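**Student:** Pasting in a structure now, in structure tokens, and then I'll have a few things to ask.
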There are 2 protein chains.
Amino acid sequence: MAKASIPKAAALRLSLYLREVEALLAAGAATVSSGQLAESLGLTAAQVRKDLARFGQLGRAGIGYPSAALAEEFRRILGTDQMRPVALVGAGNLGRALATYSGFERRGFKITALLDNDLRKVGRQYGGLIVQDIAKLHFVCQRDRIRLAILAVPGSAAQDVADLLVRAGIQGLLNFSPVRLETPAEVVVSTVALSLELEQLGLAVRLRNE
Amino acid sequence: MAKASIPKAAALRLSLYLREVEALLAAGAATVSSGQLAESLGLTAAQVRKDLARFGQLGRAGIGYPSAALAEEFRRILGTDQMRPVALVGAGNLGRALATYSGFERRGFKITALLDNDLRKVGRQYGGLIVQDIAKLHFVCQRDRIRLAILAVPGSAAQDVADLLVRAGIQGLLNFSPVRLETPAEVVVSTVALSLELEQLGLAVRLRNE
């Protein structure tokens, strides 16, 4: 299987399949059908079967797929079967919220470093992490082989910090600042647009009421 | 134009078009072409033209679309040309981060109420908002005609608070808890899955390195 050929939309479905299969597993379902996955995610069963075939021989259409093995295989493809270290820059309200967010670790990501440029914050502890001086970023990322980072700094500082992260060897950047970052092509940037989520929700409510 | 016929993917493109047009406007571009929008968003120009035609007669293919009028029309369709009040429940780290987040107001959403069930937090002020007792939720939502809410409470409390919000007349719920909420069909729920964002980023980095 050529993993590099997974298109973005299919990659997203992979995460959604995993969550659905986990929910079914938690409810005690030993097998799951393509029809079940399709219905709960609003896809056609043909699309689900096509995806599952693309991800490898995961089961047999018709008699269903074994839930536990399916979840394990999804995690293997996603790379979340192993814990990966993540650097978090910004120890403001959002950074502190992310530092104490339990959802990451359950998904194979451990925030191992929390950094800030505010020396009044350095040395404080949040969610088991001691805030370190941003000046240590390069050293920490190299030492702990950190390739992923979360950016939770004010928009005005975001580009400067992104530059530091790129120089520290970060390959993937989850950006919470409402700013378009300039980074080299080999760095993957994903921006969490909180206002976009609210805008889409508002539109959905509006359409429903018309 | 039957707005209720906008499919989810097209609605999302609408938000992305608006952001792109605004960026072009900020850079001084009086007109924008379907090709420009297509290239920056990774779509085909045909798709962009089809969308723009669906959203109404916004311009003329070939000679480009007037940027300012296009942005205004997008905002009108999205409903973000008017400020809408939003209730935020949860004054923990995440709630406080969202209360002080400047991105919402720029997008037509004003958090007008911040509520929590922790009486030690009630009365404190964050981002210009005084934390109110959750017991006042129904009264406040009715009085201020609030139809949208943001849920930033621990997963263990999320369903109970969602039930309260539904009873208070909330029609759209932006959920930050890593929990699947049960709500009546007429309530739109959008869950911001922070771990899913990181998972997708990690996969993209992994695929790039293979």
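By order of appearance in the structure tokens: chains A, B, ..., then residues from 1 within every chain, and ligands from 1 in the order shown.
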Select residues of chain A: the criterion is any atom within 7 Å of an atom of chain B, counting only C-alpha atoms; output as a count of residues only.

**Tutor:** 30

**Student:** Between A:Gly90, A:Ala168, A:Ala185, A:Ala158, which residue has the minimum interatomic distance to Val131 of chain A, considering only C-alpha atoms?

**Tutor:**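 Going through A:Gly90, A:Ala168, A:Ala185, A:Ala158 one by one, the smallest distance to Val131 of chain A is for A:Gly90.
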
**Student:** Can you measure atom CA of Pro184 of chain A to atom CA of Asn117 of chain A for me? One decimal in Å is fine.

**Tutor:**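 Atom-to-atom, atom CA of Pro184 of chain A and atom CA of Asn117 of chain A are spaced 23.5 Å apart.
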
**Student:** Report as a ChimeraX atom specification: the residues of segment 23-112 of chain B with a DSSP assignment of helix (DSSP H, G or I), based on the backbone of this structure.

**Tutor:** /B:23-26,34-41,45-54,67-78,93-99,103-106

**Student:** To one decimal place, how far is atom CA of Ala9 of chain B from atom CA of Gly56 of chain A in Å?

**Tutor:**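 Atom CA of Gly56 of chain A lies 27.4 Å from atom CA of Ala9 of chain B.
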
**Student:** As number ranges by chain, which residues of segment 79-207 of chain B does DSSP assign to strand (DSSP E)?

**Tutor:** B: 84-89, 109-116, 125-126, 129-133, 148-151, 172-175, 188-191

**Student:** Convert the current residue selection to file output with N, CA and C atoms, as a tab-separated table (two decimals), in the first residue's frame.

**Tutor:**
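Once written, selection.tsv looks like this:
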chain	number	residue	atom	x	y	z
B	84	ARG	N	-24.21	38.52	16.07
B	84	ARG	CA	-25.12	37.62	16.79
B	84	ARG	C	-24.57	37.30	18.17
B	85	PRO	N	-25.44	37.26	19.19
B	85	PRO	CA	-24.97	36.98	20.55
B	85	PRO	C	-24.73	35.49	20.76
B	86	VAL	N	-23.73	35.18	21.56
B	86	VAL	CA	-23.35	33.79	21.84
B	86	VAL	C	-23.16	33.62	23.34
B	87	ALA	N	-23.65	32.51	23.87
B	87	ALA	CA	-23.40	32.18	25.28
B	87	ALA	C	-22.22	31.21	25.36
B	88	LEU	N	-21.34	31.47	26.31
B	88	LEU	CA	-20.18	30.60	26.52
B	88	LEU	C	-20.31	29.97	27.90
B	89	VAL	N	-20.36	28.64	27.93
B	89	VAL	CA	-20.48	27.96	29.22
B	89	VAL	C	-19.15	27.28	29.54
B	109	PHE	N	-19.77	37.42	15.64
B	109	PHE	CA	-20.28	36.72	16.82
B	109	PHE	C	-19.75	37.40	18.07
B	110	LYS	N	-20.64	37.76	18.98
B	110	LYS	CA	-20.23	38.41	20.22
B	110	LYS	C	-20.64	37.54	21.39
B	111	ILE	N	-19.64	37.12	22.16
B	111	ILE	CA	-19.95	36.36	23.38
B	111	ILE	C	-20.51	37.36	24.37
B	112	THR	N	-21.80	37.23	24.67
B	112	THR	CA	-22.44	38.22	25.55
B	112	THR	C	-22.67	37.66	26.94
B	113	ALA	N	-22.48	36.35	27.10
B	113	ALA	CA	-22.68	35.75	28.44
B	113	ALA	C	-21.65	34.65	28.65
B	114	LEU	N	-21.03	34.67	29.84
B	114	LEU	CA	-20.07	33.63	30.25
B	114	LEU	C	-20.60	33.04	31.55
B	115	LEU	N	-20.83	31.73	31.55
B	115	LEU	CA	-21.47	31.11	32.71
B	115	LEU	C	-20.67	29.92	33.20
B	116	ASP	N	-20.78	29.64	34.50
B	116	ASP	CA	-20.10	28.49	35.07
B	116	ASP	C	-20.90	28.04	36.30
B	125	GLN	N	-14.09	38.39	36.32
B	125	GLN	CA	-14.21	39.00	35.00
B	125	GLN	C	-13.11	38.51	34.06
B	126	TYR	N	-13.49	38.09	32.88
B	126	TYR	CA	-12.53	37.65	31.86
B	126	TYR	C	-12.94	38.25	30.52
B	129	LEU	N	-16.10	40.09	30.36
B	129	LEU	CA	-17.33	39.39	30.72
B	129	LEU	C	-17.28	38.96	32.18
B	130	ILE	N	-18.37	39.18	32.90
B	130	ILE	CA	-18.43	38.74	34.29
B	130	ILE	C	-19.06	37.35	34.32
B	131	VAL	N	-18.40	36.40	34.96
B	131	VAL	CA	-18.91	35.03	35.02
B	131	VAL	C	-20.23	35.01	35.80
B	132	GLN	N	-21.26	34.41	35.18
B	132	GLN	CA	-22.56	34.31	35.82
B	132	GLN	C	-22.85	32.87	36.23
B	133	ASP	N	-23.71	32.75	37.20
B	133	ASP	CA	-24.12	31.42	37.67
B	133	ASP	C	-24.89	30.71	36.56
B	148	LEU	N	-27.07	30.68	19.91
B	148	LEU	CA	-25.82	29.92	19.72
B	148	LEU	C	-25.05	29.86	21.03
B	149	ALA	N	-24.45	28.71	21.28
B	149	ALA	CA	-23.68	28.57	22.51
B	149	ALA	C	-22.40	27.80	22.26
B	150	ILE	N	-21.39	28.11	23.07
B	150	ILE	CA	-20.12	27.39	23.04
B	150	ILE	C	-19.99	26.62	24.35
B	151	LEU	N	-19.68	25.34	24.23
B	151	LEU	CA	-19.58	24.46	25.39
B	151	LEU	C	-18.10	24.19	25.65
B	172	GLY	N	-27.88	26.13	18.11
B	172	GLY	CA	-26.58	25.70	17.59
B	172	GLY	C	-25.57	25.65	18.71
B	173	LEU	N	-24.80	24.55	18.75
B	173	LEU	CA	-23.90	24.29	19.88
B	173	LEU	C	-22.52	23.97	19.34
B	174	LEU	N	-21.55	24.78	19.70
B	174	LEU	CA	-20.15	24.50	19.34
B	174	LEU	C	-19.51	23.81	20.54
B	175	ASN	N	-19.21	22.54	20.39
B	175	ASN	CA	-18.79	21.69	21.50
B	175	ASN	C	-17.29	21.44	21.48
B	188	VAL	N	-28.35	21.97	16.04
B	188	VAL	CA	-27.15	21.67	15.28
B	188	VAL	C	-25.96	21.64	16.24
B	189	VAL	N	-25.24	20.53	16.25
B	189	VAL	CA	-24.06	20.42	17.12
B	189	VAL	C	-22.82	20.28	16.26
B	190	SER	N	-21.82	21.08	16.55
B	190	SER	CA	-20.55	20.96	15.84
B	190	SER	C	-19.46	20.76	16.88
B	191	THR	N	-18.76	19.65	16.78
B	191	THR	CA	-17.72	19.36	17.77
B	191	THR	C	-16.35	19.69	17.21
